[in-house]
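S.K.: I'd like to ask you about the structure that follows.
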Amino acid sequence: MTVGLAGPRPGRAAAEPPRILIEAPPALAAIGREVERLAPAALSAAAALVGGDAVAIAAELSPIQIVLVPEGTASARAVAPWISGYAIASGPGRGPGQIVLFPARVDRYPDFNLDGLLRHELTHLLVDHAARGGDVPRWFNEGLAMAVGREAGLGDRARVALAVIDDASLPIARLDAAFSGGEAQVHSAYALAGDLVRELMARHGRDSGA
């Protein structure tokens with residue numbers, strides 16, 4: 001499947017039509033069509049928060065490949081069961097940007113649904129693009145992805161509260177390491193990262209993410 005975004009606005013130079021290629025086995029074809037439907041708005045939302053024009057960014061990253069992976073396959077077993085998707089940044093020697101999604105896991109924290117997961121992973125590709133391959137703190141990268149993916153809920157606030165009780169100093173330097181821990185550690189790290197980035201944007205405006 002191939003999906004494009006809306007063309008350039010009047011008065012702007014035409015950009016190469018951006019493409020999002022969706023690779024799905026027959027059993028996941030219906031989900032592939034749903035991803036196709038959600039992708040343009042998801043990419044626009046990510047671009048709005050990270051900074052830049054969605055059409056121009058997508059043209060630079062084009063084609064973005066989204067791979068849907070069924071449970072029970074070697075690819076699904078190769079990652080922790082609480083991981084519902086991940087992004088592989090584009091760049092020299094890495095090819096075009098790629099997103100891998102595990103549809104059977106989309107109802108899990110931190111995204112809870114396909115739209116939130118797609119927005120989350122597209123944000124990672126756009127953060128890498130904006131940073132031109134430079135290092136971005138993991139907590140900031142994940143916090144931006146959380147902010148694009150969905151609004152904070154009671155579950156996020158509960159996880160933040162538990163993390164504060166466990167360590168009231170909230171050492172940001174240790175947040176990045178927590179993303180490599182076990183499921184509980186990772187979920188706490190997501191909640192804290194999302195809370196920090198939302199607080200930054202509440203104080204300084206949504207443009208502060210960019």
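Labels used: A, B, ... for chains in the order of the structure tokens, numbers from 1 for residues in each chain, and numbers from 1 for ligands as shown.
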Skipping near chain neighbours, those fewer than 2 positions away, what residues fall within 12 Å of Ala41 of chain A using only C-alpha atoms, listed as a list in words?
M.R.: Val3, Gly4, Leu5, Ala6, Val35, Glu36, Arg37, Leu38, Ala39, Leu43, Ser44, Ala45, Ala46, Ala47, Ala48, Ala54, Val55, Asp115, Gly116, Leu118, Arg119, Leu122, Val148 and Gly149 of chain A
S.K.: Where does DSSP see strand (DSSP E) in segment 32-122 of chain A, if you list the residues as a list in words?
M.R.: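 Answer for segment 32-122 of chain A restricted to strand (DSSP E) is Ile64, Gln65, Ile66, Val67, Leu68, Gly85, Tyr86, Ala87, Ile88, Gln98, Ile99, Val100 and Leu101 of chain A.
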S.K.: Please report the interatomic distance between atom CA of Ser84 of chain A and atom CA of Arg105 of chain A in Å with one decimal.
M.R.: 5.1 Å
S.K.: For Ala58 of chain A, which residue among A:Val186, A:Ala191, A:Leu125, A:Val197 is the nearest when counting only C-alpha atoms?
M.R.: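 For Ala58 of chain A, the nearest of the candidates is A:Leu125.
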S.K.: Would you mind reading off the distance between atom CA of Phe102 of chain A and atom CA of Arg198 of chain A, one decimal, in Å?
M.R.: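 The value is 26.7 Å.
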S.K.: Using only C-alpha atoms for the distances, tell me which of A:Gly205, A:Gly133, A:Pro110, A:Pro103 is nearest to Ala30 of chain A.
M.R.: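 Once distances to Ala30 of chain A are computed over only C-alpha atoms, the minimum belongs to A:Pro103.
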S.K.: Quick one: residues within 8 Å of Asp111 of chain A, only C-alpha atoms counted, chain neighbours fewer than 3 positions away excluded, as a PyMOL selection string?
M.R.: chain A and resi 106-108+114+116-117+120+146+149-150
S.K.: Restricting the output to N, CA, C and O atoms, write the selected residues as a PDB file, in the first residue's frame.
M.R.:
```
ATOM      1  N   VAL A 106      -1.174  -3.365  20.385  1.00  0.00           N
ATOM      2  CA  VAL A 106      -1.440  -1.925  20.356  1.00  0.00           C
ATOM      3  C   VAL A 106      -2.250  -1.425  21.546  1.00  0.00           C
ATOM      4  O   VAL A 106      -2.267  -0.216  21.806  1.00  0.00           O
ATOM      5  N   ASP A 107      -2.893  -2.322  22.275  1.00  0.00           N
ATOM      6  CA  ASP A 107      -3.694  -1.869  23.418  1.00  0.00           C
ATOM      7  C   ASP A 107      -2.874  -1.711  24.684  1.00  0.00           C
ATOM      8  O   ASP A 107      -3.412  -1.415  25.747  1.00  0.00           O
ATOM      9  N   ARG A 108      -1.562  -1.845  24.603  1.00  0.00           N
ATOM     10  CA  ARG A 108      -0.708  -1.799  25.788  1.00  0.00           C
ATOM     11  C   ARG A 108      -0.153  -0.392  26.009  1.00  0.00           C
ATOM     12  O   ARG A 108      -0.152   0.452  25.122  1.00  0.00           O
ATOM     13  N   LEU A 114      -3.907   1.992  17.960  1.00  0.00           N
ATOM     14  CA  LEU A 114      -3.102   2.048  16.742  1.00  0.00           C
ATOM     15  C   LEU A 114      -2.736   3.472  16.367  1.00  0.00           C
ATOM     16  O   LEU A 114      -1.593   3.746  15.966  1.00  0.00           O
ATOM     17  N   GLY A 116      -2.417   6.153  18.342  1.00  0.00           N
ATOM     18  CA  GLY A 116      -1.407   6.664  19.257  1.00  0.00           C
ATOM     19  C   GLY A 116      -0.045   6.063  18.991  1.00  0.00           C
ATOM     20  O   GLY A 116       0.985   6.755  19.024  1.00  0.00           O
ATOM     21  N   LEU A 117      -0.003   4.755  18.719  1.00  0.00           N
ATOM     22  CA  LEU A 117       1.267   4.084  18.438  1.00  0.00           C
ATOM     23  C   LEU A 117       1.896   4.623  17.164  1.00  0.00           C
ATOM     24  O   LEU A 117       3.110   4.876  17.114  1.00  0.00           O
ATOM     25  N   HIS A 120       3.295   8.030  17.785  1.00  0.00           N
ATOM     26  CA  HIS A 120       4.485   7.898  18.633  1.00  0.00           C
ATOM     27  C   HIS A 120       5.721   7.570  17.789  1.00  0.00           C
ATOM     28  O   HIS A 120       6.756   8.244  17.892  1.00  0.00           O
ATOM     29  N   MET A 146       5.340  10.780  23.387  1.00  0.00           N
ATOM     30  CA  MET A 146       4.172  10.615  24.254  1.00  0.00           C
ATOM     31  C   MET A 146       3.196  11.781  24.066  1.00  0.00           C
ATOM     32  O   MET A 146       1.973  11.599  24.020  1.00  0.00           O
ATOM     33  N   GLY A 149       1.407  11.295  20.820  1.00  0.00           N
ATOM     34  CA  GLY A 149       0.599  10.087  20.773  1.00  0.00           C
ATOM     35  C   GLY A 149      -0.787  10.245  21.364  1.00  0.00           C
ATOM     36  O   GLY A 149      -1.773   9.789  20.780  1.00  0.00           O
ATOM     37  N   ARG A 150      -0.881  10.901  22.530  1.00  0.00           N
ATOM     38  CA  ARG A 150      -2.184  11.023  23.184  1.00  0.00           C
ATOM     39  C   ARG A 150      -2.071  11.959  24.378  1.00  0.00           C
ATOM     40  O   ARG A 150      -0.969  12.339  24.787  1.00  0.00           O
TER      41      ARG A 150
END
```
S.K.: Do you have, as CSV, the list of residues of segment 41-140 of chain A lying at most 10 Å from segment 174-178 of chain A, each with its nearest atom pair and that distance in Å to one decimal, counting only C-alpha atoms and ordered by chain then number?
M.R.:
```
residue,atom,partner,partner_atom,distance
A:Pro137,CA,A:Asp176,CA,7.1
A:Arg138,CA,A:Asp176,CA,5.3
A:Trp139,CA,A:Asp176,CA,5.7
A:Phe140,CA,A:Asp176,CA,9.1
```
S.K.: Between A:Glu71, A:Glu60, A:Glu151, A:Glu34, single out the one closest to Leu126 of chain A, counting only C-alpha atoms.
M.R.: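 Going through A:Glu71, A:Glu60, A:Glu151, A:Glu34 one by one, the smallest distance to Leu126 of chain A is for A:Glu60.
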S.K.: Find the spatial neighbours of segment 87-90 of chain A, counting only C-alpha atoms, within a cut-off of 12 Å - ignore same-chain residues fewer than 2 positions away - and output them as number ranges by chain.
M.R.: A: 58, 60-67, 83-85, 92-102, 117-134, 141-142, 145
S.K.: From the list A:Ala27, A:Ile172, A:Leu49, A:Ala56, which residue is nearest Asp207 of chain A when using only C-alpha atoms?
M.R.: A:Leu49
S.K.: Would you compute the distance between atom CA of Val69 of chain A and atom CA of Ala29 of chain A? Give it in Å to one decimal.
M.R.: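 Going from atom CA of Val69 of chain A over to atom CA of Ala29 of chain A, I get 11.2 Å.
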S.K.: Restricting the calculation to only C-alpha atoms: of A:Asp53, A:Glu199, A:Pro81, A:Ile20, which residue gets closest to Leu144 of chain A?
M.R.: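 Of all the options, A:Glu199 lies closest to Leu144 of chain A.
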